[in-house]
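Since the structure comes first, as structure tokens, the remarks are kept for the end.
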Amino acid sequence: MSYKIAIDGPSSAGKSTVAKLLAKDLGYMYIDTGAMYRALGYYLVNKNISCEDEESIIKVLDDIDIDIKYIDEEQTVFLNGENINNKIRTQAVSDAASKCSTIKEVRCKLIDIQRKLASEYNCVMDGRDIGSNVLKDANLKVYLTADIDCRAKRRYEENINKRIKTTLAETKKDLEERDYRDTHREHNPLICVPEALYIDSSDMSVDQVVDKIIEYADGKKR
């Protein structure tokens, strides 16, 4: 039986970075659920389908095949057979992913893919509703967060490095809006489940967060 670690939390809390390093240290598969939603967002953007048009989005779900493979030790996302790893990190795709993730049918489709992967491999999976919904049976659940100013600064610096024109104030506003959508959506909103290890990474390095999770995991196994 596979060993599953679920990491949830708001945007720019460091989930993906921590999950990747944790998976590498443990020799587990890292499953980036956000990349799956971005793949769908990328499809919608390229097909000029509005994220407000739920009916059209639901209609095209059967035309969308999303898969994750490991190539040269890197998670690679495929959309209908095409490697789109370098095409899903734009702001437009990110916004589309956030908005379409509130649709029940979208979540059901991607959750089926995520659960199948988790049943086949020891894995670390991060997202918004992993411990509360996708992997309710996860062996270890973590809720990773940071204060809004810290997260905004991280995202702003990330955008600047990608040459995305924005301001710190705009970045903070975008995060606040996404936090609201994530925590108030009707289907499986972002929550911290009671059994999760709660970590505020505002004043912690990535290595410190990873070490804390591993220490906690070792304690649970004893």
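Please note that chains go A, B, ... in the order of the structure tokens, that every chain numbers its residues from 1, and that ligands are numbered from 1 in the order shown.
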Exercise. Excluding same-chain residues fewer than 6 positions from A:Met204, what lies within 12 Å of it counting only C-alpha atoms, as an MDAnalysis selection string?
Worked result: chainID A and resid 13:14 18 144:147 150 210:212
Exercise. Could you pull the residues within 12 Å of A:Met1, counting only C-alpha atoms, minus those fewer than 4 positions along the same chain, as a list in words?
Worked result: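 The contact residues come out as Ala118, Ser119, Glu120, Tyr121, Asn122, Cys123, Asp137, Ala138 and Asn139 of chain A.
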Exercise. Of the residues A:Leu21, A:Leu190, A:Ile213, A:Met29, which is the one nearest to A:Ile71, using only C-alpha atoms?
Worked result: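 The closest residue to A:Ile71 is A:Met29.
Across the model, the gap from atom CA of A:Tyr30 to atom CA of A:Thr183 is 24.1 Å.
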I'd like the contact shell of stretch 110-117 of chain A - 8 Å cut-off, only C-alpha atoms, skipping same-chain residues fewer than 6 positions apart - returned as a PDB file with C-alpha atoms, in the first residue's frame.
```
ATOM      1  CA  ILE A  31       2.201  15.239  -7.616  1.00  0.00           C
ATOM      2  CA  THR A  33      -2.281  19.169  -8.494  1.00  0.00           C
ATOM      3  CA  MET A  36      -3.283  19.895 -13.519  1.00  0.00           C
ATOM      4  CA  TYR A  37      -5.664  22.815 -13.032  1.00  0.00           C
ATOM      5  CA  ASP A  67      -1.348  13.142 -17.570  1.00  0.00           C
ATOM      6  CA  VAL A 134      -8.664  14.109  -2.411  1.00  0.00           C
ATOM      7  CA  LEU A 135      -6.631  11.959   0.000  1.00  0.00           C
TER       8      LEU A 135
END
```
Exercise. If you count only C-alpha atoms, which residues fall within 7 Å of A:Ile68, apart from same-chain ones fewer than 3 positions away, as a ChimeraX atom specification?
Worked result: /A:75-78
Atoms to include: N, CA and C atoms. Write the selected residues as an mmCIF file, in the first residue's frame.
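Saved result, selection-v5.cif, follows:
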```
data_model
loop_
_atom_site.group_PDB
_atom_site.id
_atom_site.type_symbol
_atom_site.label_atom_id
_atom_site.label_comp_id
_atom_site.auth_asym_id
_atom_site.auth_seq_id
_atom_site.Cartn_x
_atom_site.Cartn_y
_atom_site.Cartn_z
ATOM 1 N N GLN A 75 8.784 16.362 -12.880
ATOM 2 C CA GLN A 75 7.381 16.151 -13.211
ATOM 3 C C GLN A 75 7.060 16.907 -14.495
ATOM 4 N N THR A 76 6.453 16.210 -15.428
ATOM 5 C CA THR A 76 6.104 16.805 -16.709
ATOM 6 C C THR A 76 4.606 16.635 -16.939
ATOM 7 N N VAL A 77 3.940 17.735 -17.265
ATOM 8 C CA VAL A 77 2.495 17.717 -17.463
ATOM 9 C C VAL A 77 2.184 17.637 -18.951
ATOM 10 N N PHE A 78 1.316 16.693 -19.299
ATOM 11 C CA PHE A 78 0.913 16.523 -20.691
ATOM 12 C C PHE A 78 -0.570 16.828 -20.841
#
```
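Counting only C-alpha atoms, the residue from A:Cys192, A:Leu197, A:Val209, A:Met125 that sits nearest to A:Lys4 is A:Met125.
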Just asking: which residues within stretch 29-186 of chain A are strand (DSSP E) according to DSSP, as a JSON list (two decimals) with C-alpha atoms, in the first residue's frame?
```json
[["chain", "number", "residue", "atom", "x", "y", "z"],
["A", 29, "MET", "CA", 6.62, 10.88, -6.37],
["A", 30, "TYR", "CA", 5.68, 14.55, -6.25],
["A", 31, "ILE", "CA", 2.20, 15.24, -7.62],
["A", 32, "ASP", "CA", 1.51, 18.91, -8.36],
["A", 66, "ILE", "CA", -4.23, 15.38, -18.59],
["A", 67, "ASP", "CA", -1.35, 13.14, -17.57],
["A", 68, "ILE", "CA", 1.75, 13.46, -15.39],
["A", 69, "LYS", "CA", 5.00, 11.66, -16.12],
["A", 70, "TYR", "CA", 8.49, 11.87, -14.66],
["A", 71, "ILE", "CA", 11.15, 12.70, -17.25],
["A", 74, "GLU", "CA", 11.15, 16.20, -13.30],
["A", 75, "GLN", "CA", 7.38, 16.15, -13.21],
["A", 76, "THR", "CA", 6.10, 16.80, -16.71],
["A", 77, "VAL", "CA", 2.50, 17.72, -17.46],
["A", 78, "PHE", "CA", 0.91, 16.52, -20.69],
["A", 79, "LEU", "CA", -2.28, 17.90, -22.20],
["A", 82, "GLU", "CA", 1.59, 17.57, -25.57],
["A", 83, "ASN", "CA", 4.26, 18.52, -23.04],
["A", 123, "CYS", "CA", 3.68, 10.32, -3.02],
["A", 124, "VAL", "CA", 3.64, 13.88, -1.78],
["A", 125, "MET", "CA", 0.66, 15.79, -3.14],
["A", 126, "ASP", "CA", -0.02, 19.48, -2.65],
["A", 127, "GLY", "CA", -3.06, 21.58, -3.36],
["A", 140, "LEU", "CA", 0.32, 12.49, 6.97],
["A", 141, "LYS", "CA", -1.48, 15.79, 6.46],
["A", 142, "VAL", "CA", 0.17, 19.22, 6.54],
["A", 143, "TYR", "CA", -1.35, 22.69, 6.37],
["A", 144, "LEU", "CA", 1.34, 25.12, 5.20],
["A", 145, "THR", "CA", 0.67, 28.85, 5.31]]
```
For this session: Find the spatial neighbours of A:Arg154, counting only C-alpha atoms, within a cut-off of 12 Å - ignore same-chain residues fewer than 4 positions away - and output them as an MDAnalysis selection string.
Result: chainID A and resid 11:14 146:150 158:161 168 171:172 175 201:202
Exercise. Within 8 Å of stretch 51-56 of chain A, counting only C-alpha atoms, which residues qualify if same-chain residues fewer than 4 places away don't, as a ChimeraX atom specification?
Worked result: /A:44,60,96,99-100,103
Taking C-alpha atoms for each residue, export the selection above as a PDB file, in the first residue's frame.
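Ended up saving to part-v5.pdb:
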```pdb
ATOM      1  CA  LEU A  44      -9.481  27.179 -21.943  1.00  0.00           C
ATOM      2  CA  VAL A  60     -15.186  20.132 -23.258  1.00  0.00           C
ATOM      3  CA  ALA A  96      -8.137  30.638 -15.513  1.00  0.00           C
ATOM      4  CA  LYS A  99     -11.602  30.297 -11.600  1.00  0.00           C
ATOM      5  CA  CYS A 100     -12.379  26.958 -13.255  1.00  0.00           C
ATOM      6  CA  ILE A 103     -16.595  24.066 -10.857  1.00  0.00           C
TER       7      ILE A 103
END
```
For this session: Would you kindly return, as number ranges by chain, each protein, DNA or RNA residue with an atom no farther than 12 Å from any atom of A:Ser98, considering only C-alpha atoms and excluding same-chain residues fewer than 3 positions away?
Result: A: 10-11, 33-42, 51-52, 91-95, 101-103, 106-107, 127-128, 174-175, 177-183, 185
For this session: Have a look at A:Glu105, A:Asp25, A:Glu195, A:Glu215 and name the one nearest to A:Asp62; count only C-alpha atoms.
Result: A:Glu105
Exercise. From the list A:Glu186, A:Leu26, A:Arg151, A:Asn133, which residue is nearest A:Asp200 when using only C-alpha atoms?
Worked result: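 Residue with the minimum atom-to-atom distance to A:Asp200: A:Arg151.
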For this session: Quick one: pull the distance between atom CA of A:Lys24 and atom CA of A:Asp72, Å, one decimal.
Result: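 Straight-line distance from atom CA of A:Lys24 to atom CA of A:Asp72 works out to 12.9 Å.
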